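Okay, structure first, notes after.
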Amino acid sequence: MAWSTRQLAELAGTTLETVRHYHAIGLLSEPERASNGYKQYRTEHLVRLLQIKRLSDLGVPLAQIAAMGRADEDPDDAIRVLDAELVATIDRLQRIRAELAVILRHRAPADVPAGFGHIARDLSESDRSLIMIYSRLFTPEAMAQLSDMMVHRHPTDDEFERLPGDADADTIADLASRMAPVIRELHQRHPWAADPGAYSERSGEATGDTIVQVLRDLYNSAQLQVLQRVDSIIAESAADHR
C-alpha cells in the first residue's frame, strides 16, 4: 500500500504545503510515482516525516535537522545546542518578568532602561531621555552606578531642571557653586561619574561626541553654562589639592 501526499500529511499531522516544503529543501526524499504520475509514499517516508516533525516541535531549526542527516543518527550535539539556547531564552524571559514587575509596582514608564523603573516617575523628561541614550553608550556597571546616583536627588537638581534659558549670570554662578560640591561627592563615590570614558561601550571619541550633542539638545543655554561652570570649579579644586 502507498499513500498520496494528502494522506501522508494527514497521517503525520501536518499539511500538504509542509510536505512540499520539505521536498523543496531536500529534507524529505521524493517517492516513486505511479503510472498516472501520482506520488506513492511508503513507510520510510512517513517515518522520516514524523522524525522531522518531532525534531521541529522540539525547536530544532530545519537547517540543523538537515545538517544532522538522517534522524536515526546521534542528535546529541544539536539537542545540547538547543538546550543551551532555551536556557538563555528562559533567563532572558525571567529578567524581563522581573523588570515588568518593577514597572508595574512603581507604575513606571515602560521605556526606561532596566534598573531605573523604581525611580522613573521621579525623573524629568530630560533625565529619562538621557538615561535611555546612556544605556547605549555605557556598560551595565556604569548604568548601575547612575541609577544609584539618581536615587539620591539633591534640591539643586530641581533648581537645575527649572532654570530658564535666560537666567542671569549671578543666578548661573550661584547654582553652579552649590551644585559643584554635590557633584564632586558623586565623583568620589561613583567611579563612572569621575571617568565615564573608562566605562564606555564605544570609542571614547564617539561617546564624547554623542554626549555633547545630547546635552546641547536636552538642556537650555543657562543649564549648559551651569554644567560648564561646575566642571571648571571641580577641576580647579582638584588642581589646588595636588
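Just so we're on the same page: first chain in the C-alpha cells is A, next is B, and so on; residues restart at 1 for each chain, and ligands are numbered from 1 in the order they show up.
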Residue list (strand (DSSP E), DSSP) for region 6-165 of chain A, as number ranges by chain: A: 32-33, 39-40
Just to be explicit: take each residue in the selection above, keep N, CA, C and O atoms, and write the result as a JSON list (two decimals), in the first residue's frame.
[["chain", "number", "residue", "atom", "x", "y", "z"],
["A", 32, "GLU", "N", 8.63, 7.36, -5.29],
["A", 32, "GLU", "CA", 8.37, 6.93, -6.67],
["A", 32, "GLU", "C", 6.96, 7.38, -7.05],
["A", 32, "GLU", "O", 6.12, 7.68, -6.21],
["A", 33, "ARG", "N", 6.73, 7.39, -8.34],
["A", 33, "ARG", "CA", 5.41, 7.79, -8.83],
["A", 33, "ARG", "C", 4.73, 6.61, -9.52],
["A", 33, "ARG", "O", 5.39, 5.77, -10.14],
["A", 39, "LYS", "N", 2.37, 10.62, -6.67],
["A", 39, "LYS", "CA", 3.41, 10.16, -5.76],
["A", 39, "LYS", "C", 2.90, 9.00, -4.91],
["A", 39, "LYS", "O", 1.73, 8.98, -4.51],
["A", 40, "GLN", "N", 3.80, 8.09, -4.61],
["A", 40, "GLN", "CA", 3.44, 6.92, -3.80],
["A", 40, "GLN", "C", 4.39, 6.86, -2.59],
["A", 40, "GLN", "O", 5.53, 6.42, -2.71]]
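Residue neighbourhood of region 76-78 of chain A, excluding near-sequence residues (fewer than 3 positions): Leu55, Ser56, Leu58, Gly59, Val60, Pro61, Leu62, Ala63, Gln64, Ile65, Ala66, Ala67, Met68, Gly69, Ala71, Asp72, Glu73, Val81, Leu82, Asp83, Ala84 and Glu85 of chain A, at 12 Å, using only C-alpha atoms.
Taking CA of Val151 (chain A) and CA of Gln94 (chain A) as the two end points, the separation is 24.7 Å.
Nearest to Glu125 (chain A) of all the residues A:Glu201, A:Asp166, A:Asp57, A:Glu161 is A:Glu161, based on only C-alpha atoms.
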Which polymer residues have any atom within 10 Å of an atom of Leu8 (chain A), counting only C-alpha atoms, with same-chain residues fewer than 3 positions away left out, as a count of residues only?
18
What's around Ala142 (chain A) at 10 Å? Count only C-alpha atoms, leave out sequence neighbours fewer than 6 positions away in its own chain, and write the answer as a PDB file with C-alpha atoms, in the first residue's frame.
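out-v4.pdb, freshly written:
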ATOM      1  CA  TYR A 134      23.446  56.463  28.151  1.00  0.00           C
ATOM      2  CA  SER A 135      22.282  52.833  28.213  1.00  0.00           C
ATOM      3  CA  ASP A 148      22.217  54.726  42.426  1.00  0.00           C
ATOM      4  CA  HIS A 190      30.929  56.619  41.804  1.00  0.00           C
ATOM      5  CA  PRO A 191      33.989  55.977  39.595  1.00  0.00           C
ATOM      6  CA  TRP A 192      31.876  56.161  36.443  1.00  0.00           C
ATOM      7  CA  ALA A 193      30.890  59.779  37.129  1.00  0.00           C
ATOM      8  CA  PRO A 196      32.934  57.973  32.047  1.00  0.00           C
ATOM      9  CA  ALA A 198      36.594  54.048  31.270  1.00  0.00           C
ATOM     10  CA  TYR A 199      33.081  52.574  31.157  1.00  0.00           C
ATOM     11  CA  SER A 200      32.269  53.322  27.543  1.00  0.00           C
TER      12      SER A 200
END
**Item:** Residues flagged alpha helix (DSSP H) by DSSP in region 15-180 of chain A, as a ChimeraX atom specification
**Value:** /A:16-24,43-57,62-68,76-106,125-137,140-151,155-162,169-180
Identify, on the basis of only C-alpha atoms, every residue whose closest approach to Leu186 (chain A) does not exceed 12 Å; exclude the query and any residue fewer than 5 positions from it along the same chain; express the result as a PDB file with C-alpha atoms, in the first residue's frame.
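Ended up saving to result_36.pdb:
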ATOM      1  CA  GLN A 145      26.106  53.480  39.331  1.00  0.00           C
ATOM      2  CA  LEU A 146      23.988  56.056  37.506  1.00  0.00           C
ATOM      3  CA  ASP A 148      22.217  54.726  42.426  1.00  0.00           C
ATOM      4  CA  MET A 149      23.202  58.356  41.840  1.00  0.00           C
ATOM      5  CA  MET A 150      19.711  59.269  40.691  1.00  0.00           C
ATOM      6  CA  VAL A 151      18.069  57.724  43.727  1.00  0.00           C
ATOM      7  CA  HIS A 152      19.676  60.337  45.946  1.00  0.00           C
ATOM      8  CA  ARG A 153      18.358  63.531  44.419  1.00  0.00           C
ATOM      9  CA  HIS A 154      19.534  66.876  45.756  1.00  0.00           C
ATOM     10  CA  MET A 179      25.971  72.055  42.641  1.00  0.00           C
ATOM     11  CA  ALA A 180      29.742  71.606  42.423  1.00  0.00           C
ATOM     12  CA  PRO A 181      30.245  70.070  45.916  1.00  0.00           C
ATOM     13  CA  PRO A 191      33.989  55.977  39.595  1.00  0.00           C
ATOM     14  CA  TRP A 192      31.876  56.161  36.443  1.00  0.00           C
ATOM     15  CA  ALA A 193      30.890  59.779  37.129  1.00  0.00           C
ATOM     16  CA  ALA A 194      34.534  60.777  37.504  1.00  0.00           C
ATOM     17  CA  ASP A 195      35.781  58.872  34.450  1.00  0.00           C
ATOM     18  CA  ILE A 234      35.735  70.798  40.218  1.00  0.00           C
TER      19      ILE A 234
END
